[in-house]
Amino acid sequence: MAPAARVALVGANGHGRWHRRVIGALHDAGRVRLVALVDTRPPEEEPTAPVPADTRLFTDHRAMLAEVTPDVVVICTPPHTHLPIARDAATAGADLLLEKPPVLSSGEHEELAGALATTGRVAQVGFQALGSAALTALTEAVAAGRLGTVTGIATVAAWQRPDAYYARVPWAGRRFLDGRPVLDGALANPLAHAVMQCLAVAEAVGGGPVEPAGIEVERYRVRPIEVDDTTVLRVRPRHGPPIVAAVTLAGEDFVAGEVIVTGSAGRAVLEYPTDRLLLPGDDAPREVPGRRGLLENLLAHRADPRVPLIAPLARTAPFTAVLTALRAAPEPTLLGDGLVDAVGEGPQRVLRIRGVNEVLRRAAERGALPSESGVGWAVPPWRTAAAAPTHPWRVDSARAE
């Protein structure tokens, strides 16, 4: 039996506690050794995954890499810190499990891909919903022609985030921090999985990663933040049907997150957080159980490179192209008080946009932006255009007239 992989976690608190639970179970099973935790603060208590006695604690990832030499580094830090930490870890000889979003622009994506190629290391990106058996069932149905010719792919989600969400860390709701892009908007962070699920379906339609030819986006906010909490995005691929993402963190009623695939022979709906799937001919949605863990998959790939990674960095390039467009887009439109209701008080106060669920549902069902559907508060979209094929992505932007 191969020796247990030496794993270090950079970013041990916050969402890092979820990674500690995953690593802890594998540690207890003898499949990995948790050799180091890195955080600027002492590790918060996690009863289900206590820190092993021989795990070393660091406040700087460079010191950890120099002293511990891990085989795998899990990176769960603010998005704007991912690239330098990932580059350092790969240079030190470690493979990576890198939280989403992996990086914040196509230029950074290319830089990290180059570092991985130079060092011979690999990176798995934390889009864990890509390991869903329900998504596999959907993409197999699409590839088999069960929906006929696919004419549209969309996602709709309506969540709520309280004031406390935007006060949790210094980078929350920020577009830049200390001069560096952060992009902590709805599409880039909490609802990134919805976009990536759509891109995965588009892969099945086109037989390969999506190459965006253009992106249109309408971005809104209900607070004095720097990024969007409500967004409708439309990606026009060079090949294949358009992709629409209609999401909010200021919803009226909760919509967990649906991926809607429309074809000439039927329609499919995947509720991706719950793995409930409705295919043509089904009377009702059914749960399709089973998810492959990203760290377990990375370990399997390390043992046998013929085992493909679920979410390799290259697969996320279209998602990073979306972030590149959002990075260049102007500040989101602030919606007025007459449209927004406040519920609750103090840190748990939430803001809800009246009628937003219907607006988002209509956008997902029709493939139309709010400004194209007569929504009174909608603004004209911001648009990008892809460059010639010799250049991966260039942003030429303008507000619609």
# chains A, B, ... in the order shown; residues from 1 in each chain; ligands from 1

call {"tool": "closest_atom_pairs", "arguments": {"of": "range 203-295 of chain A", "to": "range 167-180 of chain A", "cutoff": "7 Å", "atoms": "only C-alpha atoms", "output": "tab-separated table"}}
result
residue	atom	partner	partner_atom	distance
A:Ile225	CA	A:Gly173	CA	5.4
A:Glu226	CA	A:Arg174	CA	5.1
A:Val227	CA	A:Gly173	CA	5.8

call {"tool": "write_last_selection", "arguments": {"atoms": "all heavy atoms", "output": "PDB file, in the first residue's frame"}}
result
ATOM      1  N   ILE A 225     -22.603  47.982  -1.371  1.00  0.00           N
ATOM      2  CA  ILE A 225     -21.444  47.130  -1.591  1.00  0.00           C
ATOM      3  C   ILE A 225     -20.876  47.446  -2.968  1.00  0.00           C
ATOM      4  O   ILE A 225     -21.470  48.214  -3.731  1.00  0.00           O
ATOM      5  CB  ILE A 225     -21.811  45.637  -1.469  1.00  0.00           C
ATOM      6  CG1 ILE A 225     -22.953  45.272  -2.441  1.00  0.00           C
ATOM      7  CG2 ILE A 225     -22.193  45.296  -0.036  1.00  0.00           C
ATOM      8  CD1 ILE A 225     -23.324  43.812  -2.448  1.00  0.00           C
ATOM      9  N   GLU A 226     -19.755  46.842  -3.301  1.00  0.00           N
ATOM     10  CA  GLU A 226     -19.074  47.167  -4.550  1.00  0.00           C
ATOM     11  C   GLU A 226     -19.354  46.169  -5.663  1.00  0.00           C
ATOM     12  O   GLU A 226     -18.918  46.378  -6.800  1.00  0.00           O
ATOM     13  CB  GLU A 226     -17.557  47.223  -4.305  1.00  0.00           C
ATOM     14  CG  GLU A 226     -17.147  48.279  -3.302  1.00  0.00           C
ATOM     15  CD  GLU A 226     -15.673  48.211  -2.939  1.00  0.00           C
ATOM     16  OE1 GLU A 226     -14.995  47.262  -3.397  1.00  0.00           O
ATOM     17  OE2 GLU A 226     -15.215  49.110  -2.209  1.00  0.00           O
ATOM     18  N   VAL A 227     -20.076  45.088  -5.336  1.00  0.00           N
ATOM     19  CA  VAL A 227     -20.296  44.022  -6.305  1.00  0.00           C
ATOM     20  C   VAL A 227     -21.793  43.715  -6.391  1.00  0.00           C
ATOM     21  O   VAL A 227     -22.597  44.289  -5.678  1.00  0.00           O
ATOM     22  CB  VAL A 227     -19.511  42.750  -5.909  1.00  0.00           C
ATOM     23  CG1 VAL A 227     -18.020  42.976  -6.052  1.00  0.00           C
ATOM     24  CG2 VAL A 227     -19.860  42.335  -4.481  1.00  0.00           C
TER      25      VAL A 227
END

call {"tool": "select_by_dssp", "arguments": {"residues": "range 217-355 of chain A", "states": "helix (DSSP H, G or I)", "output": "short mmCIF file (atom, residue, chain, number, x, y, z; two decimals) with N, CA and C atoms, in the first residue's frame"}}
result
data_model
loop_
_atom_site.label_atom_id
_atom_site.label_comp_id
_atom_site.auth_asym_id
_atom_site.auth_seq_id
_atom_site.Cartn_x
_atom_site.Cartn_y
_atom_site.Cartn_z
N LEU A 294 -13.78 15.61 -4.09
CA LEU A 294 -12.69 16.16 -4.89
C LEU A 294 -11.32 15.77 -4.35
N LEU A 295 -11.17 15.75 -3.03
CA LEU A 295 -9.86 15.36 -2.49
C LEU A 295 -9.61 13.87 -2.72
N GLU A 296 -10.63 13.05 -2.51
CA GLU A 296 -10.48 11.62 -2.79
C GLU A 296 -10.12 11.37 -4.26
N ASN A 297 -10.76 12.12 -5.15
CA ASN A 297 -10.47 11.98 -6.57
C ASN A 297 -9.03 12.42 -6.89
N LEU A 298 -8.59 13.50 -6.24
CA LEU A 298 -7.22 13.95 -6.44
C LEU A 298 -6.22 12.89 -5.96
N LEU A 299 -6.51 12.27 -4.83
CA LEU A 299 -5.63 11.21 -4.34
C LEU A 299 -5.60 10.03 -5.31
N ALA A 300 -6.77 9.68 -5.87
CA ALA A 300 -6.82 8.59 -6.84
C ALA A 300 -6.02 8.92 -8.09
N HIS A 301 -6.10 10.18 -8.53
CA HIS A 301 -5.34 10.61 -9.71
C HIS A 301 -3.84 10.57 -9.44
N ARG A 302 -3.45 10.95 -8.24
CA ARG A 302 -2.03 10.89 -7.89
C ARG A 302 -1.52 9.45 -7.92
N ALA A 303 -2.36 8.52 -7.49
CA ALA A 303 -1.97 7.11 -7.47
C ALA A 303 -1.95 6.51 -8.87
N LEU A 313 -7.97 22.35 -13.50
CA LEU A 313 -7.94 23.79 -13.76
C LEU A 313 -8.41 24.11 -15.18
N ALA A 314 -8.00 23.32 -16.17
CA ALA A 314 -8.36 23.61 -17.56
C ALA A 314 -9.87 23.62 -17.76
N ARG A 315 -10.58 22.78 -17.03
CA ARG A 315 -12.04 22.71 -17.20
C ARG A 315 -12.72 23.98 -16.73
N THR A 316 -12.06 24.74 -15.87
CA THR A 316 -12.68 25.94 -15.31
C THR A 316 -12.34 27.20 -16.09
N ALA A 317 -11.63 27.08 -17.21
CA ALA A 317 -11.26 28.26 -17.99
C ALA A 317 -12.48 29.07 -18.44
N PRO A 318 -13.58 28.44 -18.90
CA PRO A 318 -14.75 29.26 -19.27
C PRO A 318 -15.33 30.04 -18.09
N PHE A 319 -15.31 29.43 -16.90
CA PHE A 319 -15.79 30.15 -15.73
C PHE A 319 -14.90 31.37 -15.46
N THR A 320 -13.60 31.20 -15.60
CA THR A 320 -12.70 32.32 -15.39
C THR A 320 -12.91 33.40 -16.45
N ALA A 321 -13.30 33.01 -17.67
CA ALA A 321 -13.62 34.00 -18.69
C ALA A 321 -14.80 34.86 -18.26
N VAL A 322 -15.78 34.24 -17.59
CA VAL A 322 -16.92 35.00 -17.06
C VAL A 322 -16.42 36.00 -16.02
N LEU A 323 -15.53 35.58 -15.12
CA LEU A 323 -15.00 36.49 -14.12
C LEU A 323 -14.21 37.62 -14.76
N THR A 324 -13.51 37.34 -15.85
CA THR A 324 -12.78 38.37 -16.55
C THR A 324 -13.72 39.46 -17.04
N ALA A 325 -14.86 39.04 -17.56
CA ALA A 325 -15.86 40.01 -18.01
C ALA A 325 -16.42 40.81 -16.84
N LEU A 326 -16.75 40.13 -15.73
CA LEU A 326 -17.30 40.82 -14.56
C LEU A 326 -16.27 41.79 -13.97
N ARG A 327 -15.02 41.43 -14.06
CA ARG A 327 -13.96 42.30 -13.54
C ARG A 327 -13.90 43.61 -14.32
N ALA A 328 -14.22 43.57 -15.60
CA ALA A 328 -14.16 44.77 -16.43
C ALA A 328 -15.47 45.56 -16.42
N ASP A 337 -35.06 52.21 -2.57
CA ASP A 337 -35.84 51.73 -1.43
C ASP A 337 -37.26 51.34 -1.81
N GLY A 338 -37.84 51.99 -2.80
CA GLY A 338 -39.20 51.67 -3.18
C GLY A 338 -39.37 50.28 -3.76
N LEU A 339 -38.27 49.63 -4.07
CA LEU A 339 -38.29 48.30 -4.67
C LEU A 339 -37.85 47.22 -3.70
N GLY A 346 -30.90 44.22 12.92
CA GLY A 346 -29.53 43.96 13.32
C GLY A 346 -28.75 43.18 12.28
N PRO A 347 -27.78 42.40 12.71
CA PRO A 347 -26.94 41.66 11.76
C PRO A 347 -27.70 40.66 10.91
N GLN A 348 -28.89 40.22 11.38
CA GLN A 348 -29.64 39.23 10.63
C GLN A 348 -30.68 39.84 9.69
#

call {"tool": "closest_atom_pairs", "arguments": {"of": "range 183-218 of chain A", "to": "range 379-385 of chain A", "cutoff": "12 Å", "atoms": "only C-alpha atoms", "output": "tab-separated table"}}
result
residue	atom	partner	partner_atom	distance
A:Glu211	CA	A:Ala385	CA	11.8
A:Pro212	CA	A:Ala385	CA	8.7
A:Ala213	CA	A:Ala385	CA	6.3
A:Gly214	CA	A:Ala385	CA	4.6
A:Ile215	CA	A:Thr384	CA	5.2
A:Glu216	CA	A:Arg383	CA	4.4
A:Val217	CA	A:Pro381	CA	5.2
A:Glu218	CA	A:Pro381	CA	4.9

call {"tool": "residues_around", "arguments": {"residues": "Ala268 in chain A", "least_positions_apart": "4", "cutoff": "6 Å", "atoms": "only C-alpha atoms", "output": "PyMOL selection string"}}
result
chain A and resi 260-261+278-279

call {"tool": "decode", "arguments": {"residues": "range 52-70 of chain A", "atoms": "N, CA, C and O atoms", "output": "mmCIF file, in the first residue's frame"}}
result
data_model
loop_
_atom_site.group_PDB
_atom_site.id
_atom_site.type_symbol
_atom_site.label_atom_id
_atom_site.label_comp_id
_atom_site.auth_asym_id
_atom_site.auth_seq_id
_atom_site.Cartn_x
_atom_site.Cartn_y
_atom_site.Cartn_z
ATOM 1 N N PRO A 52 -4.948 16.710 14.845
ATOM 2 C CA PRO A 52 -4.046 15.680 15.377
ATOM 3 C C PRO A 52 -2.867 16.301 16.128
ATOM 4 O O PRO A 52 -2.400 17.399 15.802
ATOM 5 N N ALA A 53 -2.393 15.583 17.118
ATOM 6 C CA ALA A 53 -1.352 16.121 18.003
ATOM 7 C C ALA A 53 -0.081 16.482 17.246
ATOM 8 O O ALA A 53 0.636 17.418 17.629
ATOM 9 N N ASP A 54 0.233 15.735 16.166
ATOM 10 C CA ASP A 54 1.485 16.001 15.461
ATOM 11 C C ASP A 54 1.325 16.948 14.282
ATOM 12 O O ASP A 54 2.263 17.141 13.497
ATOM 13 N N THR A 55 0.132 17.550 14.112
ATOM 14 C CA THR A 55 -0.076 18.524 13.043
ATOM 15 C C THR A 55 0.563 19.849 13.431
ATOM 16 O O THR A 55 0.317 20.381 14.517
ATOM 17 N N ARG A 56 1.381 20.390 12.551
ATOM 18 C CA ARG A 56 2.063 21.644 12.850
ATOM 19 C C ARG A 56 1.197 22.829 12.437
ATOM 20 O O ARG A 56 0.460 22.757 11.442
ATOM 21 N N LEU A 57 1.314 23.911 13.172
ATOM 22 C CA LEU A 57 0.533 25.117 12.925
ATOM 23 C C LEU A 57 1.452 26.234 12.452
ATOM 24 O O LEU A 57 2.532 26.449 13.022
ATOM 25 N N PHE A 58 0.998 26.932 11.411
ATOM 26 C CA PHE A 58 1.778 28.027 10.840
ATOM 27 C C PHE A 58 0.864 29.230 10.594
ATOM 28 O O PHE A 58 -0.355 29.070 10.442
ATOM 29 N N THR A 59 1.460 30.397 10.505
ATOM 30 C CA THR A 59 0.717 31.596 10.117
ATOM 31 C C THR A 59 1.104 32.077 8.726
ATOM 32 O O THR A 59 0.514 33.025 8.210
ATOM 33 N N ASP A 60 2.067 31.429 8.100
ATOM 34 C CA ASP A 60 2.544 31.821 6.772
ATOM 35 C C ASP A 60 2.754 30.567 5.929
ATOM 36 O O ASP A 60 3.431 29.627 6.374
ATOM 37 N N HIS A 61 2.179 30.555 4.725
ATOM 38 C CA HIS A 61 2.261 29.341 3.903
ATOM 39 C C HIS A 61 3.677 29.080 3.409
ATOM 40 O O HIS A 61 4.064 27.932 3.203
ATOM 41 N N ARG A 62 4.466 30.131 3.242
ATOM 42 C CA ARG A 62 5.832 29.921 2.750
ATOM 43 C C ARG A 62 6.681 29.195 3.787
ATOM 44 O O ARG A 62 7.468 28.310 3.441
ATOM 45 N N ALA A 63 6.523 29.568 5.039
ATOM 46 C CA ALA A 63 7.256 28.864 6.100
ATOM 47 C C ALA A 63 6.823 27.408 6.176
ATOM 48 O O ALA A 63 7.658 26.504 6.356
ATOM 49 N N MET A 64 5.528 27.170 6.014
ATOM 50 C CA MET A 64 5.031 25.798 6.037
ATOM 51 C C MET A 64 5.629 24.980 4.897
ATOM 52 O O MET A 64 6.103 23.855 5.097
ATOM 53 N N LEU A 65 5.637 25.533 3.694
ATOM 54 C CA LEU A 65 6.152 24.797 2.541
ATOM 55 C C LEU A 65 7.635 24.479 2.710
ATOM 56 O O LEU A 65 8.109 23.409 2.305
ATOM 57 N N ALA A 66 8.356 25.376 3.334
ATOM 58 C CA ALA A 66 9.791 25.168 3.524
ATOM 59 C C ALA A 66 10.087 24.103 4.568
ATOM 60 O O ALA A 66 11.075 23.357 4.454
ATOM 61 N N GLU A 67 9.227 23.991 5.573
ATOM 62 C CA GLU A 67 9.528 23.098 6.699
ATOM 63 C C GLU A 67 8.818 21.756 6.640
ATOM 64 O O GLU A 67 9.290 20.780 7.228
ATOM 65 N N VAL A 68 7.687 21.673 5.936
ATOM 66 C CA VAL A 68 6.851 20.472 6.005
ATOM 67 C C VAL A 68 6.854 19.671 4.706
ATOM 68 O O VAL A 68 6.678 18.461 4.717
ATOM 69 N N THR A 69 7.027 20.323 3.556
ATOM 70 C CA THR A 69 7.021 19.694 2.226
ATOM 71 C C THR A 69 5.835 18.741 2.038
ATOM 72 O O THR A 69 6.007 17.524 1.917
ATOM 73 N N PRO A 70 4.607 19.259 1.996
ATOM 74 C CA PRO A 70 3.433 18.402 1.816
ATOM 75 C C PRO A 70 3.337 17.866 0.396
ATOM 76 O O PRO A 70 3.900 18.429 -0.547
#
